[in-house]
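Text of final.csv (CSV, N, CA and C atoms) as supplied:
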```
chain,number,residue,atom,x,y,z
A,1,GLN,N,35.4,139.5,224.5
A,1,GLN,CA,34.3,139.4,225.4
A,1,GLN,C,33.6,140.8,225.4
A,2,VAL,N,32.3,140.9,225.2
A,2,VAL,CA,31.6,142.1,225.2
A,2,VAL,C,31.4,142.6,226.6
A,3,GLN,N,31.7,143.8,226.9
A,3,GLN,CA,31.5,144.4,228.2
A,3,GLN,C,30.6,145.7,228.1
A,4,LEU,N,29.7,145.8,229.0
A,4,LEU,CA,28.9,147.0,229.1
A,4,LEU,C,29.0,147.6,230.5
A,5,VAL,N,29.3,148.9,230.5
A,5,VAL,CA,29.5,149.6,231.8
A,5,VAL,C,28.6,150.8,231.8
A,6,GLU,N,27.6,150.8,232.7
A,6,GLU,CA,26.7,151.9,232.9
A,6,GLU,C,27.3,153.0,233.8
A,7,SER,N,26.9,154.2,233.6
A,7,SER,CA,27.2,155.3,234.5
A,7,SER,C,26.2,156.4,234.4
A,8,GLY,N,26.2,157.3,235.3
A,8,GLY,CA,25.3,158.5,235.2
A,8,GLY,C,24.2,158.4,236.2
A,9,GLY,N,24.0,157.3,236.9
A,9,GLY,CA,22.9,157.2,237.9
A,9,GLY,C,23.2,158.1,239.1
A,10,GLY,N,22.2,158.3,239.9
A,10,GLY,CA,22.3,159.1,241.1
A,10,GLY,C,21.0,159.6,241.6
A,11,LEU,N,21.1,160.6,242.4
A,11,LEU,CA,19.8,161.2,243.0
A,11,LEU,C,19.3,162.4,242.1
A,12,VAL,N,18.1,162.3,241.8
A,12,VAL,CA,17.5,163.4,241.0
A,12,VAL,C,16.1,163.8,241.6
A,13,GLN,N,15.8,165.0,241.5
A,13,GLN,CA,14.5,165.5,242.1
A,13,GLN,C,13.4,165.1,241.1
A,14,ALA,N,12.2,164.9,241.6
A,14,ALA,CA,11.1,164.6,240.7
A,14,ALA,C,10.9,165.9,239.8
A,15,GLY,N,10.7,165.6,238.5
A,15,GLY,CA,10.6,166.7,237.6
A,15,GLY,C,11.9,167.0,236.9
A,16,GLY,N,13.0,166.5,237.5
A,16,GLY,CA,14.3,166.8,236.9
A,16,GLY,C,14.8,165.9,235.8
A,17,SER,N,16.0,166.0,235.4
A,17,SER,CA,16.6,165.3,234.3
A,17,SER,C,17.8,164.5,234.7
A,18,LEU,N,18.1,163.5,234.0
A,18,LEU,CA,19.3,162.7,234.2
A,18,LEU,C,19.7,162.0,232.9
A,19,ARG,N,21.0,161.8,232.7
A,19,ARG,CA,21.4,161.1,231.5
A,19,ARG,C,22.2,159.9,231.9
A,20,LEU,N,21.8,158.7,231.5
A,20,LEU,CA,22.6,157.5,231.8
A,20,LEU,C,23.4,157.2,230.5
A,21,SER,N,24.6,156.6,230.8
A,21,SER,CA,25.5,156.2,229.7
A,21,SER,C,25.8,154.8,229.9
A,22,CYS,N,26.1,154.2,228.7
A,22,CYS,CA,26.5,152.7,228.7
A,22,CYS,C,27.7,152.6,227.7
A,23,ALA,N,28.9,152.4,228.2
A,23,ALA,CA,30.0,152.2,227.3
A,23,ALA,C,30.2,150.7,227.0
A,24,VAL,N,30.2,150.5,225.7
A,24,VAL,CA,30.3,149.1,225.2
A,24,VAL,C,31.7,148.8,224.6
A,25,SER,N,32.3,147.7,224.9
A,25,SER,CA,33.6,147.4,224.4
A,25,SER,C,33.6,145.9,224.1
A,26,GLY,N,34.6,145.5,223.3
A,26,GLY,CA,34.8,144.1,223.0
A,26,GLY,C,34.3,143.6,221.6
A,27,ARG,N,33.4,144.4,221.0
A,27,ARG,CA,32.9,144.1,219.7
A,27,ARG,C,32.3,145.3,219.1
A,28,THR,N,32.2,145.3,217.8
A,28,THR,CA,31.8,146.5,217.0
A,28,THR,C,30.4,147.0,217.5
A,29,PHE,N,30.4,148.2,218.2
A,29,PHE,CA,29.2,148.7,218.8
A,29,PHE,C,28.1,149.0,217.8
A,30,SER,N,28.5,149.5,216.6
A,30,SER,CA,27.5,149.8,215.6
A,30,SER,C,26.7,148.6,215.1
A,31,SER,N,27.2,147.4,215.4
A,31,SER,CA,26.5,146.2,214.9
A,31,SER,C,25.6,145.7,216.0
A,32,ALA,N,25.4,146.4,217.1
A,32,ALA,CA,24.6,145.9,218.2
A,32,ALA,C,23.2,146.6,218.2
A,33,ALA,N,22.2,145.8,218.5
A,33,ALA,CA,20.9,146.3,218.9
A,33,ALA,C,21.0,146.5,220.4
A,34,THR,N,20.5,147.6,220.9
A,34,THR,CA,20.7,147.9,222.3
A,34,THR,C,19.4,148.3,223.0
A,35,GLY,N,19.4,148.2,224.4
A,35,GLY,CA,18.3,148.5,225.1
A,35,GLY,C,18.6,148.9,226.5
A,36,TRP,N,17.6,149.5,227.2
A,36,TRP,CA,17.6,149.8,228.6
A,36,TRP,C,16.5,149.1,229.3
A,37,PHE,N,16.8,148.5,230.5
A,37,PHE,CA,15.8,147.9,231.3
A,37,PHE,C,16.0,148.5,232.7
A,38,ARG,N,15.0,148.3,233.6
A,38,ARG,CA,15.2,148.7,235.0
A,38,ARG,C,14.5,147.7,235.9
A,39,GLN,N,15.0,147.8,237.1
A,39,GLN,CA,14.4,146.9,238.1
A,39,GLN,C,14.3,147.6,239.5
A,40,ALA,N,13.1,147.8,240.0
A,40,ALA,CA,12.9,148.4,241.2
A,40,ALA,C,12.8,147.3,242.3
A,41,PRO,N,13.0,147.6,243.6
A,41,PRO,CA,13.0,146.6,244.6
A,41,PRO,C,11.7,145.9,244.7
A,42,GLY,N,11.8,144.6,244.7
A,42,GLY,CA,10.6,143.8,244.8
A,42,GLY,C,9.8,143.6,243.5
A,43,LYS,N,10.4,144.1,242.4
A,43,LYS,CA,9.7,144.0,241.2
A,43,LYS,C,10.6,143.3,240.1
A,44,GLU,N,10.0,142.8,239.1
A,44,GLU,CA,10.7,142.2,238.0
A,44,GLU,C,11.4,143.3,237.1
A,45,ARG,N,12.4,142.8,236.5
A,45,ARG,CA,13.1,143.7,235.5
A,45,ARG,C,12.1,144.0,234.4
A,46,GLU,N,12.1,145.3,234.0
A,46,GLU,CA,11.1,145.7,233.0
A,46,GLU,C,11.8,146.5,231.9
A,47,PHE,N,11.2,146.4,230.7
A,47,PHE,CA,11.7,147.1,229.5
A,47,PHE,C,11.5,148.6,229.7
A,48,VAL,N,12.5,149.4,229.2
A,48,VAL,CA,12.4,150.8,229.3
A,48,VAL,C,12.4,151.4,227.8
A,49,ALA,N,13.5,151.1,227.1
A,49,ALA,CA,13.7,151.6,225.8
A,49,ALA,C,14.6,150.8,225.0
A,50,ALA,N,14.5,150.8,223.7
A,50,ALA,CA,15.4,150.0,222.8
A,50,ALA,C,15.7,150.7,221.5
A,51,LEU,N,16.8,150.4,220.9
A,51,LEU,CA,17.2,151.0,219.7
A,51,LEU,C,17.8,150.0,218.7
A,52,SER,N,17.4,150.0,217.5
A,52,SER,CA,17.9,149.1,216.5
A,52,SER,C,19.3,149.3,216.2
A,53,LYS,N,19.9,148.3,215.5
A,53,LYS,CA,21.3,148.4,215.1
A,53,LYS,C,21.6,149.7,214.3
A,54,ASP,N,20.7,150.0,213.4
A,54,ASP,CA,20.9,151.2,212.5
A,54,ASP,C,20.6,152.5,213.2
A,55,GLY,N,20.2,152.4,214.5
A,55,GLY,CA,20.0,153.6,215.3
A,55,GLY,C,18.8,154.4,214.9
A,56,ILE,N,17.9,153.8,214.1
A,56,ILE,CA,16.8,154.5,213.6
A,56,ILE,C,15.5,154.1,214.3
A,57,THR,N,15.3,152.9,214.4
A,57,THR,CA,14.0,152.4,215.0
A,57,THR,C,14.2,152.4,216.5
A,58,GLN,N,13.2,153.0,217.2
A,58,GLN,CA,13.2,153.1,218.7
A,58,GLN,C,11.9,152.5,219.2
A,59,GLY,N,12.0,152.0,220.4
A,59,GLY,CA,10.8,151.5,221.1
A,59,GLY,C,10.9,152.0,222.6
A,60,TYR,N,9.7,152.3,223.1
A,60,TYR,CA,9.7,152.7,224.5
A,60,TYR,C,8.5,152.1,225.3
A,61,ALA,N,8.7,151.9,226.5
A,61,ALA,CA,7.6,151.5,227.4
A,61,ALA,C,6.6,152.7,227.5
A,62,ASP,N,5.4,152.3,227.6
A,62,ASP,CA,4.4,153.4,227.7
A,62,ASP,C,4.6,154.3,228.9
A,63,SER,N,5.2,153.8,229.9
A,63,SER,CA,5.4,154.6,231.2
A,63,SER,C,6.5,155.7,231.0
A,64,VAL,N,7.3,155.5,229.9
A,64,VAL,CA,8.4,156.5,229.8
A,64,VAL,C,8.3,157.3,228.5
A,65,LYS,N,7.3,156.9,227.6
A,65,LYS,CA,7.2,157.5,226.3
A,65,LYS,C,7.0,159.0,226.4
A,66,GLY,N,7.7,159.8,225.7
A,66,GLY,CA,7.6,161.2,225.7
A,66,GLY,C,8.5,161.8,226.8
A,67,ARG,N,9.0,161.0,227.7
A,67,ARG,CA,9.9,161.6,228.7
A,67,ARG,C,11.4,161.1,228.6
A,68,PHE,N,11.6,159.9,228.1
A,68,PHE,CA,12.9,159.3,228.0
A,68,PHE,C,13.2,159.2,226.5
A,69,THR,N,14.5,159.4,226.2
A,69,THR,CA,15.0,159.2,224.8
A,69,THR,C,16.3,158.3,224.8
A,70,ILE,N,16.3,157.3,224.0
A,70,ILE,CA,17.4,156.5,223.8
A,70,ILE,C,18.2,156.9,222.5
A,71,TYR,N,19.5,157.0,222.6
A,71,TYR,CA,20.3,157.3,221.5
A,71,TYR,C,21.7,156.8,221.7
A,72,ARG,N,22.4,156.8,220.6
A,72,ARG,CA,23.8,156.2,220.6
A,72,ARG,C,24.8,157.1,219.9
A,73,ASP,N,26.0,157.0,220.3
A,73,ASP,CA,27.1,157.6,219.6
A,73,ASP,C,28.1,156.5,219.2
A,74,ASN,N,28.1,156.1,218.0
A,74,ASN,CA,28.9,155.0,217.6
A,74,ASN,C,30.4,155.4,217.7
A,75,ALA,N,30.7,156.6,217.5
A,75,ALA,CA,32.1,157.0,217.5
A,75,ALA,C,32.7,156.9,219.0
A,76,LYS,N,31.8,157.0,219.9
A,76,LYS,CA,32.2,156.8,221.3
A,76,LYS,C,31.9,155.5,221.9
A,77,ASN,N,31.3,154.6,221.1
A,77,ASN,CA,30.8,153.3,221.5
A,77,ASN,C,30.0,153.4,222.8
A,78,THR,N,29.1,154.3,222.8
A,78,THR,CA,28.3,154.6,224.0
A,78,THR,C,26.8,154.7,223.6
A,79,LEU,N,26.0,154.1,224.5
A,79,LEU,CA,24.6,154.2,224.4
A,79,LEU,C,24.1,155.1,225.5
A,80,TYR,N,23.1,155.9,225.3
A,80,TYR,CA,22.6,156.9,226.3
A,80,TYR,C,21.1,156.7,226.5
A,81,LEU,N,20.7,157.1,227.7
A,81,LEU,CA,19.3,157.2,228.0
A,81,LEU,C,19.1,158.6,228.7
A,82,GLN,N,18.5,159.5,227.9
A,82,GLN,CA,18.1,160.8,228.5
A,82,GLN,C,16.8,160.7,229.2
A,83,MET,N,16.8,161.0,230.4
A,83,MET,CA,15.6,161.0,231.2
A,83,MET,C,15.2,162.4,231.6
A,84,THR,N,13.9,162.8,231.3
A,84,THR,CA,13.4,164.1,231.6
A,84,THR,C,12.1,163.9,232.4
A,85,ASN,N,11.7,165.0,233.1
A,85,ASN,CA,10.5,164.9,233.9
A,85,ASN,C,10.4,163.6,234.7
A,86,VAL,N,11.5,163.4,235.4
A,86,VAL,CA,11.6,162.1,236.1
A,86,VAL,C,10.5,162.0,237.2
A,87,LYS,N,10.0,160.9,237.4
A,87,LYS,CA,8.9,160.7,238.4
A,87,LYS,C,9.4,159.7,239.5
A,88,PRO,N,8.9,159.7,240.7
A,88,PRO,CA,9.3,158.8,241.7
A,88,PRO,C,9.2,157.4,241.3
A,89,GLU,N,8.3,157.0,240.5
A,89,GLU,CA,8.2,155.6,240.0
A,89,GLU,C,9.3,155.2,239.0
A,90,ASP,N,10.1,156.1,238.6
A,90,ASP,CA,11.2,155.8,237.8
A,90,ASP,C,12.5,155.3,238.6
A,91,ALA,N,12.4,155.4,239.9
A,91,ALA,CA,13.5,155.0,240.7
A,91,ALA,C,13.7,153.5,240.5
A,92,ALA,N,14.9,153.1,240.3
A,92,ALA,CA,15.3,151.7,240.0
A,92,ALA,C,16.7,151.6,239.7
A,93,VAL,N,17.2,150.3,239.6
A,93,VAL,CA,18.5,150.1,239.0
A,93,VAL,C,18.3,149.9,237.5
A,94,TYR,N,19.0,150.7,236.7
A,94,TYR,CA,18.9,150.7,235.3
A,94,TYR,C,20.1,149.9,234.7
A,95,TYR,N,19.7,149.0,233.7
A,95,TYR,CA,20.7,148.2,233.1
A,95,TYR,C,20.6,148.4,231.5
A,96,CYS,N,21.8,148.4,230.9
A,96,CYS,CA,21.8,148.5,229.5
A,96,CYS,C,22.1,147.0,229.0
A,97,ALA,N,21.7,146.8,227.8
A,97,ALA,CA,21.8,145.5,227.2
A,97,ALA,C,22.1,145.6,225.7
A,98,ALA,N,22.8,144.5,225.2
A,98,ALA,CA,23.1,144.5,223.8
A,98,ALA,C,23.0,143.1,223.2
A,99,THR,N,22.7,143.1,221.9
A,99,THR,CA,22.7,141.8,221.2
A,99,THR,C,23.2,142.1,219.8
A,100,TYR,N,23.9,141.1,219.2
A,100,TYR,CA,24.3,141.2,217.8
A,100,TYR,C,23.5,140.4,216.9
A,101,TYR,N,22.4,139.9,217.4
A,101,TYR,CA,21.4,139.1,216.6
A,101,TYR,C,20.4,140.0,216.0
A,102,GLY,N,19.9,139.5,214.9
A,102,GLY,CA,18.8,140.2,214.2
A,102,GLY,C,19.1,141.2,213.2
A,103,GLY,N,18.1,141.7,212.5
A,103,GLY,CA,18.3,142.6,211.4
A,103,GLY,C,18.6,144.0,211.9
A,104,SER,N,19.0,144.9,210.9
A,104,SER,CA,19.5,146.2,211.2
A,104,SER,C,18.4,147.1,211.8
A,105,SER,N,17.1,146.8,211.4
A,105,SER,CA,16.0,147.7,211.8
A,105,SER,C,15.2,147.1,213.0
A,106,ILE,N,15.7,146.1,213.6
A,106,ILE,CA,14.9,145.4,214.7
A,106,ILE,C,15.4,145.9,216.0
A,107,TYR,N,14.5,146.0,217.0
A,107,TYR,CA,14.9,146.2,218.3
A,107,TYR,C,14.1,145.2,219.2
A,108,PHE,N,14.6,144.9,220.4
A,108,PHE,CA,14.0,143.9,221.2
A,108,PHE,C,13.5,144.5,222.5
A,109,SER,N,12.3,144.2,222.9
A,109,SER,CA,11.7,144.8,224.1
A,109,SER,C,11.5,143.8,225.2
A,110,THR,N,12.1,142.6,225.0
A,110,THR,CA,12.1,141.7,226.1
A,110,THR,C,13.6,141.3,226.5
A,111,SER,N,13.8,141.0,227.8
A,111,SER,CA,15.2,140.8,228.2
A,111,SER,C,15.8,139.6,227.5
A,112,GLY,N,15.0,138.6,227.1
A,112,GLY,CA,15.5,137.4,226.5
A,112,GLY,C,16.1,137.7,225.1
A,113,GLY,N,15.8,138.9,224.6
A,113,GLY,CA,16.4,139.2,223.3
A,113,GLY,C,17.8,139.7,223.3
A,114,TYR,N,18.4,139.8,224.5
A,114,TYR,CA,19.7,140.4,224.7
A,114,TYR,C,20.7,139.3,225.3
A,115,ASP,N,21.9,139.4,224.8
A,115,ASP,CA,23.0,138.5,225.2
A,115,ASP,C,23.9,139.1,226.2
A,116,TYR,N,24.1,140.4,226.2
A,116,TYR,CA,25.1,141.0,227.1
A,116,TYR,C,24.4,142.1,227.9
A,117,TRP,N,24.8,142.2,229.2
A,117,TRP,CA,24.2,143.1,230.1
A,117,TRP,C,25.3,143.8,230.9
A,118,GLY,N,25.0,145.0,231.3
A,118,GLY,CA,25.8,145.8,232.2
A,118,GLY,C,25.5,145.4,233.7
A,119,GLN,N,26.2,146.0,234.6
A,119,GLN,CA,26.1,145.7,236.0
A,119,GLN,C,25.0,146.5,236.7
A,120,GLY,N,24.5,147.6,236.0
A,120,GLY,CA,23.5,148.4,236.5
A,120,GLY,C,23.9,149.7,237.2
A,121,THR,N,23.1,150.7,237.1
A,121,THR,CA,23.3,152.0,237.8
A,121,THR,C,22.1,152.4,238.5
A,122,GLN,N,22.2,152.9,239.7
A,122,GLN,CA,21.1,153.2,240.6
A,122,GLN,C,20.5,154.6,240.2
A,123,VAL,N,19.3,154.7,240.1
A,123,VAL,CA,18.6,156.0,240.0
A,123,VAL,C,17.6,156.2,241.1
A,124,THR,N,17.8,157.2,241.9
A,124,THR,CA,17.0,157.5,243.0
A,124,THR,C,16.3,158.8,242.8
A,125,VAL,N,15.0,158.9,243.1
A,125,VAL,CA,14.2,160.0,242.8
A,125,VAL,C,13.6,160.6,244.1
A,126,SER,N,13.9,161.8,244.4
A,126,SER,CA,13.3,162.5,245.6
A,126,SER,C,12.1,163.3,245.2
A,127,SER,N,11.1,163.2,246.0
A,127,SER,CA,9.8,163.9,245.7
A,127,SER,C,9.7,165.1,246.5
```
For this file, produce the structure as structure tokens.
Amino acid sequence: QVQLVESGGGLVQAGGSLRLSCAVSGRTFSSAATGWFRQAPGKEREFVAALSKDGITQGYADSVKGRFTIYRDNAKNTLYLQMTNVKPEDAAVYYCAATYYGGSSIYFSTSGGYDYWGQGTQVTVSS
């Protein structure tokens, strides 16, 4: 059974930085396409960033482009989201997701593209 466990959330000042982690177990991590989504109170879950299986092709929501970076460490079976210049509107519960479907250079920007999800980690931004 594939399990994803996020960590690294917390309180950050606007303009600050935070790094989220997602530990993946249960199946070969390097074979997974992965992504980050977020959900703020009263809003639908939205795409943040995604990374292809080969770790080369990346995709970002316009709202985070240039500020967030998604990357992975296959040796540690861990996916990361480096958040910089954090804004109040970035406050949300962040979820990591994985799928073993699709080609090596493909990433998915919709939640339906993923089969496995973490439980989420809260990011709070103080202004």
Can you tell me which residues surround segment 81-97 of chain A at a distance of at most 6 Å, considering only N, CA and C atoms, apart from same-chain residues fewer than 3 positions away, and format the answer as JSON, numbers by chain? {"A": [13, 14, 15, 16, 17, 18, 19, 20, 21, 33, 34, 35, 36, 37, 38, 39, 40, 41, 67, 68, 69, 70, 71, 114, 116, 117, 118, 119, 120, 121, 122, 123, 124, 125]}
From a DSSP pass on the backbone, collect the residues of segment 24-65 of chain A flagged as strand (DSSP E or B) and hand them back as a list in words. Val24, Ser25, Ala33, Thr34, Gly35, Trp36, Phe37, Arg38, Gln39, Glu46, Phe47, Val48, Ala49, Ala50, Leu51, Gln58, Gly59 and Tyr60 of chain A
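Atom to atom, atom CA of Lys43 of chain A and atom CA of Thr57 of chain A stand 27.8 Å apart.
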What residues in chain A get the DSSP label helix (DSSP H, G or I)? Please answer as an MDAnalysis selection string. chainID A and resid 29:31 74:76 88:90 111:113
What separates atom CA of Val2 of chain A and atom CA of Val48 of chain A is a distance of 21.5 Å
Hey, can you check how far atom CA of Phe29 of chain A sits from atom CA of Ser104 of chain A?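 Spanning atom CA of Phe29 of chain A to atom CA of Ser104 of chain A is a straight-line distance of 12.6 Å.
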Which residues are near Gly103 of chain A? Cut-off 7 Å, all atoms listed in the file, ignore same chain within fewer than 4 positions. Put them as an MDAnalysis selection string. chainID A and resid 52:54 107
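In this comparison, which uses all atoms listed in the file, the residue of A:Glu46, A:Asp62, A:Ile56, A:Val12 approaching Thr110 of chain A most closely is A:Glu46.
Each of A:Cys22, A:Thr78, A:Ala98, A:Ile106 was compared to Gln58 of chain A using only N, CA and C atoms, and A:Ile106 turns out to be the nearest.
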